[in-house]
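So the structure is just underneath, and the comments pick up after that.
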Amino acid sequence: MRLLFWCLSFCLTLVSGWMALSVAAVEPAEYNIVYIHVPAATCSLVCFTILFICSIQHLRTKNQMWDHIAAACGEVGLVFATVLNATGSIFAYAAWGVWWTPSLRLVSSAMLWFLYVAYLILRASLPDQQRKGQICAVFGIIAFVDVPLVYISARYIPDIHWPKIGFDSIWQSVAFGLAIGGALLLAATLIWLRADILKSLNQISKPALSKAEGTKYQN
Amino acid sequence: MSSIADTIRAIFVKDLVTEFRAKQLLPTIVCLGVIIAWIFRIAAQAASVDVSVAAGAVLFIAMLFAGILASDKGFAVEQENDCISSLLLAPVDAGDIYIAKLLVNIVVLCIFEIVTVPAVLILFKVTVTGRWLRLIAVLLLGNIGISSVGTLLGGIVHRTRAASSLLSVLVMAVLMPIMIPAIVALLLLFGPVVPQAVGAGTFGIAGDFKTAIGYIAAFDAIFVTVCWLLFGLVVGD
Amino acid sequence: MCYLCLSFTVASLIYFVYLFYLDRQLRGIRRRLDARQKD
């Protein structure tokens with residue numbers, strides 16, 4: 001099932017990439033970066049939302065699986081936020097001649113990255129105990145409340161980032177949609193994989209049981 | 001059955017009396033604030049910039065570090081003789097403990113500012129005649145914001161025995177939305193010359209003081225409410 | 001044009017570094033499971 005997701009995401013990304021280079025190309029050639037940049041932005045925000053939902057669910061039900069998914073979302077979200085900031089920086093140099101400038105979107109994206117890093121640092125520095133999931137869930141909720149506040153407060157700074165994307169042709173919007181779809185599928189697959197890895201790690205670090213006992217605790 | 005106000009007052013008085021007797025936290029953060037202002041002043045002088053531009057940012061940085069230290073110490077004192085356990089075993093709501101610790105941090109920061117703000121004003125050659133009330137409003141709202149997040153995260157760091165340096169990272173990551181309007185408000189108060197926004201690469205500040213104060217107040221309300229609700233989960237078992 | 005290629009390279013690099021990290025984790029799990037089977 002996960003293999004299907006991998007293949008689908010790969011195909012969607014390839015098709016949108018091909019379209020971006022041929023029929024759906026944007027006028028100044030560098031601006032095609034947007035086909036990588038915007039899907040990464042969407043995915044990093046979606047990952048944060050999923051992290052928030054999983055944090056709330058973990059606090060409500062105390063089921064460990066929610067904690068694993070939240071941890072996975074933190075890592076995958078960090079990857080997408082890194083891609084967002086890196087491609088955004090290159091895009092900024094191509095479009096405006098500066099690598100970074102304190103403008104609304106750029107500040108918000110940078111803060112998103114820092115919030116992911118803070119979440120992962122917190123997770124890494126807590127000693128292994130059953131309350132680790134609870135504490136990280138609390139921080140996840142605070143961090144998620146923080147994201148729109150950063151966006152609102154940064155409005156003080158005049159924004160040189162394009163507010164909306166205009167589509168010149170139908171091909172562009174299709175390519176865009178495919179790129180975002182491919183990236184979202186990629187995010188889902190990575191989160192699934194990482195959550196499974198964390199669940200397995202959790203099971204392995206329990207003391208080894210004999211075969212007879214082991215089957216009793218299979219879950 | 002003590003009322004909420006009694007509980008809060010009891011913990012509040014306990015912490016303040018402990019601090020005034022030990023005299024550990026307040027001298028440290030006051031020195032820290034003055035040293036930060038001093039270092040930035042020397043750096044600004046060496047860089048030959050108009051020093052009054054840096055005043056607002058320096059003041060907020062000093063407040064931030066002082067607030068982080070105060071939150072850290074606020075829970076560190078509870079580790080001695082395992083006071084935190086007795087505090088939690090008492091029949092008080094965790095939210096009341098949070099509000100008491102929050103008030104202690106705010107008071108500590110206010111005392112810190114009584115010394116540091118004149119130091120910054122003198123060092124950076126800034127005057128605020130006629131704007132004292134607005135300055136006090138900004139500082140107070142900033143204190144509330146820093147303390148709200150600092151108290152909750154200080155609880156996390158000390159309850160789980162993680163490294164104290166973690167607290168600085170967490171607080172600064174979360175406090176960004178308060179930082180921007182607060183620095184804008186301080187810059188507007190101290191009245192430096194603001195460069196016009198002429199395109200990429202320069203930083204133009206727009207907005208007036210009332211909007212900035214409004215933003216800080218709204219964010220404070222959000223943070224205090226959220227942290228108050230979540231505090232029980234952090235220190236509970 | 002070179003910025004487009006640069007950004008594509010950087011993005012692919014970041015994604016593949018993460019996939020490599022996941023691969024290491026999986027190898028570690030497999031190794032520990034095998035070590036357990038042996039005991």
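Going by the structure tokens order, chains are called A, B, ..., each with residues numbered from 1, while ligands are numbered from 1 in the order shown.
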
Residues within 9 Å of stretch 20-33 of chain C, please, as number ranges by chain. Count only C-alpha atoms; anything in the same chain fewer than 2 positions from it doesn't count. A: 190, 193-194, 197, 200-201, 204; C: 15-18, 35-38

File dump, residues just selected, N, CA and C atoms, as a PDB file, in the first residue's frame:
```pdb
ATOM      1  N   LEU A 190       5.945   9.608   3.820  1.00  0.00           N
ATOM      2  CA  LEU A 190       7.077   9.747   4.736  1.00  0.00           C
ATOM      3  C   LEU A 190       6.610   9.680   6.187  1.00  0.00           C
ATOM      4  N   LEU A 193       5.756   6.076   7.006  1.00  0.00           N
ATOM      5  CA  LEU A 193       6.964   5.281   7.166  1.00  0.00           C
ATOM      6  C   LEU A 193       7.657   5.593   8.487  1.00  0.00           C
ATOM      7  N   ARG A 194       7.802   6.883   8.774  1.00  0.00           N
ATOM      8  CA  ARG A 194       8.527   7.287   9.976  1.00  0.00           C
ATOM      9  C   ARG A 194       7.767   6.865  11.236  1.00  0.00           C
ATOM     10  N   ILE A 197       8.421   3.277  11.764  1.00  0.00           N
ATOM     11  CA  ILE A 197       9.767   3.071  12.295  1.00  0.00           C
ATOM     12  C   ILE A 197       9.776   3.362  13.787  1.00  0.00           C
ATOM     13  N   SER A 200       8.162   0.602  15.705  1.00  0.00           N
ATOM     14  CA  SER A 200       9.028  -0.571  15.813  1.00  0.00           C
ATOM     15  C   SER A 200      10.153  -0.336  16.806  1.00  0.00           C
ATOM     16  N   LEU A 201      10.740   0.854  16.779  1.00  0.00           N
ATOM     17  CA  LEU A 201      11.804   1.172  17.732  1.00  0.00           C
ATOM     18  C   LEU A 201      11.285   1.077  19.156  1.00  0.00           C
ATOM     19  N   ILE A 204      10.978  -2.535  20.059  1.00  0.00           N
ATOM     20  CA  ILE A 204      12.263  -3.211  20.230  1.00  0.00           C
ATOM     21  C   ILE A 204      12.881  -2.839  21.564  1.00  0.00           C
TER      22      ILE A 204
ATOM     23  N   TYR C  15      15.623  16.147   0.204  1.00  0.00           N
ATOM     24  CA  TYR C  15      14.715  15.002   0.267  1.00  0.00           C
ATOM     25  C   TYR C  15      15.495  13.696   0.369  1.00  0.00           C
ATOM     26  N   PHE C  16      16.567  13.572  -0.431  1.00  0.00           N
ATOM     27  CA  PHE C  16      17.296  12.310  -0.424  1.00  0.00           C
ATOM     28  C   PHE C  16      18.078  12.106   0.860  1.00  0.00           C
ATOM     29  N   VAL C  17      18.566  13.217   1.464  1.00  0.00           N
ATOM     30  CA  VAL C  17      19.232  13.071   2.758  1.00  0.00           C
ATOM     31  C   VAL C  17      18.257  12.500   3.781  1.00  0.00           C
ATOM     32  N   TYR C  18      17.000  12.983   3.747  1.00  0.00           N
ATOM     33  CA  TYR C  18      16.029  12.461   4.702  1.00  0.00           C
ATOM     34  C   TYR C  18      15.699  10.998   4.421  1.00  0.00           C
ATOM     35  N   ALA C  35      19.556  -9.534  15.695  1.00  0.00           N
ATOM     36  CA  ALA C  35      20.332  -9.884  16.891  1.00  0.00           C
ATOM     37  C   ALA C  35      19.428 -10.549  17.922  1.00  0.00           C
ATOM     38  N   ARG C  36      18.180 -10.083  17.981  1.00  0.00           N
ATOM     39  CA  ARG C  36      17.250 -10.692  18.925  1.00  0.00           C
ATOM     40  C   ARG C  36      16.915 -12.115  18.533  1.00  0.00           C
ATOM     41  N   GLN C  37      16.730 -12.322  17.211  1.00  0.00           N
ATOM     42  CA  GLN C  37      16.360 -13.667  16.773  1.00  0.00           C
ATOM     43  C   GLN C  37      17.455 -14.653  17.130  1.00  0.00           C
ATOM     44  N   LYS C  38      18.709 -14.129  17.055  1.00  0.00           N
ATOM     45  CA  LYS C  38      19.827 -15.054  17.276  1.00  0.00           C
ATOM     46  C   LYS C  38      19.848 -15.538  18.722  1.00  0.00           C
TER      47      LYS C  38
END
```

Taking only C-alpha atoms into account, report as number ranges by chain which residues of chain A lie within 7 Å of chain C. A: 29-30, 32-33, 79, 83, 87, 90, 94, 197, 201

Taking 4 positions as the minimum chain separation for residues in the same chain, which residues sit within 6 Å of B:Ser71 when counting only C-alpha atoms? Answer as a PyMOL selection string. chain B and resi 150-151+154

For chain A against chain B, which residues fall within 7 Å using only C-alpha atoms, given as a PyMOL selection string? chain A and resi 96+98+101-102+114-115+118+125-126+135+138+143+146+149-150+153-154+156-158

Pick from A:Ala195, A:Val145, A:Ala124, A:Ala188 nearest to B:Thr225, counting only C-alpha atoms: A:Val145

So which residues touch B:Ile4 within 9 Å, counting only C-alpha atoms, skipping near sequence neighbours fewer than 6 positions away, as a compact mmCIF listing (two decimals) with C-alpha atoms, in the first residue's frame?
```
# COMPACT_ATOMS: atom_id res chain seq x y z
CA VAL B 92 -4.77 23.39 44.73
CA ASP B 93 -5.56 23.66 41.07
CA ASP B 96 -3.57 28.62 40.34
```

Test item: residues at most 9 Å from A:Ile50, only C-alpha atoms, excluding those fewer than 6 positions along its chain, as a ChimeraX atom specification: /A:69-70,73

Expected file: the selected residues, C-alpha atoms, as a PDB file, in the first residue's frame:
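For reference, out08.pdb as written:
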```pdb
ATOM      1  CA  ILE A  69       2.643  10.211  14.188  1.00  0.00           C
ATOM      2  CA  ALA A  70       3.286  13.581  15.816  1.00  0.00           C
ATOM      3  CA  CYS A  73       5.147  14.961  11.392  1.00  0.00           C
TER       4      CYS A  73
END
```

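Atom CA of B:Ala94 lies 9.0 Å from atom CA of B:Leu229.
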